[in-house]
Amino acid sequence: MEHEVRDRNEWFKEVERAYLNIELKTANRPYEIPVEVDVVEGEDVLYALGLHPRLDTPDWLVIDLDEVSELVELIRPVPVTGATSDGYHTFDELYHRAVLFSVIVAMFRGRSWKSLRHHDGTMYDGMFIVGIDTPAGPATYHYDIEPYWDMFPCEVLDRAPEWDGHTPDDAIERIGTLRDVLQAEVKEEGSEK
């Protein structure tokens with residue numbers, strides 16, 4: 001039996017539902033010292049957990065239910081909060097980055113854009129891309145449409161420009177070159193007075 005899984009949380013909910021609906025019966029193993037074991041009907045939980053039963057009899061599988069219970073707890077998804085991290089940033093930190101980048105985009109509206117599609121028409125589900133053209137090349141980030149779309153006051157493009165292969169580190173360096181643009185504008189305004 002194969003399980004087609006779209007994402008980890010959906011898969012876990014399916015496993016948990018099957019686990020919670022297990023019909024248990026107690027049986028003694030013949031020809032051994034009498035030991036009570038849990039017997040479950042149905043293979044869904046075991047296959048979803050990747051378990052291979054130790055004893056296979058017609059329509060019944062003998063398993064250690066405590067072992068299954070421990071596995072279910074081990075794979076239970078952790079609730080996602082602002083403190084959840086990808087190992088580099090928490091969601092709260094990413095929100096702060098979005099706020100800061102939106103301020104930069106607002107300051108450089110003529111250089112900024114956002115789009116619901118990449119140059120080839122693709123996009124990650126529920127996301128958009130926002131970018132700014134710097135003297136060193138474009139700097140872009142992907143954000144969830146909600147709540148970030150309205151945070152970026154810039155031109156909306158049908159499709160984003162083609163990605164030039166820049167990395168997150170490149171993006172920060174490129175954004176830093178906008179300092180020179182600001183200094184030149186301030187200098188120019190000062191000379192006009």
# chains A, B, ... in the order shown; residues from 1 in each chain; ligands from 1

$ select_by_dssp --residues "segment 55-180 of chain A" --states "alpha helix (DSSP H)" --output "ChimeraX atom specification"
/A:65-75,91-107,145-148,168-176,178-180

$ write_last_selection --atoms "N, CA and C atoms" --output "tab-separated table (two decimals), in the first residue's frame"
chain	number	residue	atom	x	y	z
A	65	LEU	N	2.13	-1.70	20.19
A	65	LEU	CA	1.40	-0.44	20.12
A	65	LEU	C	2.15	0.70	20.80
A	66	ASP	N	2.91	0.40	21.86
A	66	ASP	CA	3.70	1.45	22.51
A	66	ASP	C	4.74	2.00	21.54
A	67	GLU	N	5.31	1.12	20.74
A	67	GLU	CA	6.30	1.54	19.75
A	67	GLU	C	5.66	2.46	18.71
A	68	VAL	N	4.48	2.10	18.24
A	68	VAL	CA	3.76	2.93	17.28
A	68	VAL	C	3.42	4.28	17.91
A	69	SER	N	2.97	4.25	19.15
A	69	SER	CA	2.62	5.49	19.85
A	69	SER	C	3.84	6.41	19.96
A	70	GLU	N	5.00	5.85	20.27
A	70	GLU	CA	6.23	6.65	20.36
A	70	GLU	C	6.58	7.24	19.00
A	71	LEU	N	6.43	6.45	17.95
A	71	LEU	CA	6.72	6.97	16.61
A	71	LEU	C	5.78	8.11	16.23
A	72	VAL	N	4.49	7.94	16.56
A	72	VAL	CA	3.53	9.00	16.27
A	72	VAL	C	3.95	10.29	16.98
A	73	GLU	N	4.38	10.19	18.23
A	73	GLU	CA	4.81	11.38	18.97
A	73	GLU	C	6.08	11.99	18.36
A	74	LEU	N	6.99	11.13	17.90
A	74	LEU	CA	8.23	11.63	17.30
A	74	LEU	C	7.99	12.41	16.02
A	75	ILE	N	6.97	12.03	15.25
A	75	ILE	CA	6.74	12.72	13.98
A	75	ILE	C	5.68	13.80	14.06
A	91	PHE	N	10.68	33.23	12.00
A	91	PHE	CA	9.66	33.94	11.22
A	91	PHE	C	9.56	35.39	11.66
A	92	ASP	N	9.74	35.67	12.94
A	92	ASP	CA	9.72	37.06	13.41
A	92	ASP	C	10.84	37.87	12.76
A	93	GLU	N	12.03	37.27	12.65
A	93	GLU	CA	13.15	37.98	12.01
A	93	GLU	C	12.86	38.23	10.53
A	94	LEU	N	12.22	37.26	9.88
A	94	LEU	CA	11.89	37.45	8.47
A	94	LEU	C	10.87	38.57	8.31
A	95	TYR	N	9.95	38.70	9.25
A	95	TYR	CA	8.98	39.81	9.21
A	95	TYR	C	9.73	41.14	9.33
A	96	HIS	N	10.70	41.20	10.23
A	96	HIS	CA	11.47	42.44	10.38
A	96	HIS	C	12.22	42.77	9.10
A	97	ARG	N	12.78	41.74	8.44
A	97	ARG	CA	13.47	41.96	7.17
A	97	ARG	C	12.50	42.51	6.14
A	98	ALA	N	11.27	41.98	6.12
A	98	ALA	CA	10.27	42.46	5.16
A	98	ALA	C	9.95	43.93	5.41
A	99	VAL	N	9.82	44.31	6.67
A	99	VAL	CA	9.53	45.71	6.99
A	99	VAL	C	10.67	46.60	6.51
A	100	LEU	N	11.90	46.22	6.82
A	100	LEU	CA	13.05	47.02	6.40
A	100	LEU	C	13.16	47.11	4.88
A	101	PHE	N	12.97	45.99	4.20
A	101	PHE	CA	13.06	46.02	2.74
A	101	PHE	C	11.93	46.85	2.14
A	102	SER	N	10.75	46.82	2.76
A	102	SER	CA	9.64	47.64	2.25
A	102	SER	C	9.95	49.13	2.36
A	103	VAL	N	10.68	49.52	3.38
A	103	VAL	CA	11.08	50.93	3.52
A	103	VAL	C	12.06	51.30	2.40
A	104	ILE	N	12.99	50.42	2.12
A	104	ILE	CA	13.96	50.67	1.03
A	104	ILE	C	13.22	50.76	-0.31
A	105	VAL	N	12.29	49.85	-0.53
A	105	VAL	CA	11.50	49.87	-1.77
A	105	VAL	C	10.72	51.18	-1.87
A	106	ALA	N	10.14	51.63	-0.78
A	106	ALA	CA	9.37	52.89	-0.78
A	106	ALA	C	10.28	54.09	-1.09
A	107	MET	N	11.52	54.03	-0.60
A	107	MET	CA	12.46	55.13	-0.86
A	107	MET	C	12.94	55.14	-2.31
A	145	ILE	N	2.01	36.41	-0.08
A	145	ILE	CA	1.12	37.49	-0.52
A	145	ILE	C	0.44	38.12	0.69
A	146	GLU	N	-0.08	37.29	1.57
A	146	GLU	CA	-0.65	37.79	2.83
A	146	GLU	C	0.36	37.54	3.92
A	147	PRO	N	0.78	38.50	4.63
A	147	PRO	CA	0.29	39.88	4.74
A	147	PRO	C	1.18	40.91	4.03
A	148	TYR	N	2.09	40.45	3.14
A	148	TYR	CA	3.15	41.35	2.68
A	148	TYR	C	2.89	42.16	1.41
A	168	PRO	N	21.37	35.37	-1.51
A	168	PRO	CA	20.96	36.30	-0.46
A	168	PRO	C	22.09	37.23	-0.04
A	169	ASP	N	23.32	36.73	0.02
A	169	ASP	CA	24.46	37.59	0.36
A	169	ASP	C	24.69	38.65	-0.71
A	170	ASP	N	24.54	38.25	-1.99
A	170	ASP	CA	24.66	39.22	-3.08
A	170	ASP	C	23.59	40.31	-2.94
A	171	ALA	N	22.36	39.90	-2.61
A	171	ALA	CA	21.26	40.86	-2.48
A	171	ALA	C	21.59	41.92	-1.44
A	172	ILE	N	22.11	41.50	-0.29
A	172	ILE	CA	22.47	42.48	0.76
A	172	ILE	C	23.57	43.41	0.27
A	173	GLU	N	24.58	42.86	-0.37
A	173	GLU	CA	25.66	43.71	-0.90
A	173	GLU	C	25.12	44.70	-1.91
A	174	ARG	N	24.25	44.24	-2.79
A	174	ARG	CA	23.68	45.11	-3.81
A	174	ARG	C	22.82	46.21	-3.19
A	175	ILE	N	22.02	45.85	-2.20
A	175	ILE	CA	21.20	46.86	-1.52
A	175	ILE	C	22.10	47.91	-0.88
A	176	GLY	N	23.26	47.48	-0.38
A	176	GLY	CA	24.22	48.42	0.21
A	176	GLY	C	24.72	49.47	-0.77
A	178	LEU	N	22.98	51.10	-2.72
A	178	LEU	CA	21.99	52.19	-2.80
A	178	LEU	C	22.38	53.36	-1.89
A	179	ARG	N	23.26	53.10	-0.93
A	179	ARG	CA	23.77	54.17	-0.07
A	179	ARG	C	24.44	55.24	-0.92
A	180	ASP	N	25.25	54.80	-1.89
A	180	ASP	CA	25.92	55.73	-2.79
A	180	ASP	C	24.91	56.55	-3.60

$ residues_around --residues "Glu162 of chain A" --least-positions-apart "5" --cutoff "12 Å" --atoms "only C-alpha atoms" --output "PyMOL selection string"
chain A and resi 115+117-122+129+131+137-140

$ residues_around --residues "Met127 of chain A" --least-positions-apart "2" --cutoff "8 Å" --atoms "only C-alpha atoms" --output "list in words"
Leu116, Met123, Tyr124, Asp125, Ile129, His142, Tyr143, Asp144 and Ile145 of chain A

$ select_by_dssp --residues "segment 101-170 of chain A" --states "strand (DSSP E)" --output "list in words"
Ser112, Trp113, Lys114, Ser115, Met127, Phe128, Ile129, Val130, Gly131, Ile132, Asp133, Thr134, Gly137, Pro138, Ala139, Thr140, Tyr141, His142, Tyr143, Asp144, Glu155, Val156 and Leu157 of chain A

$ atom_distance --atom1 "atom CA of Leu182 of chain A" --atom2 "atom CA of Arg111 of chain A"
12.6 Å
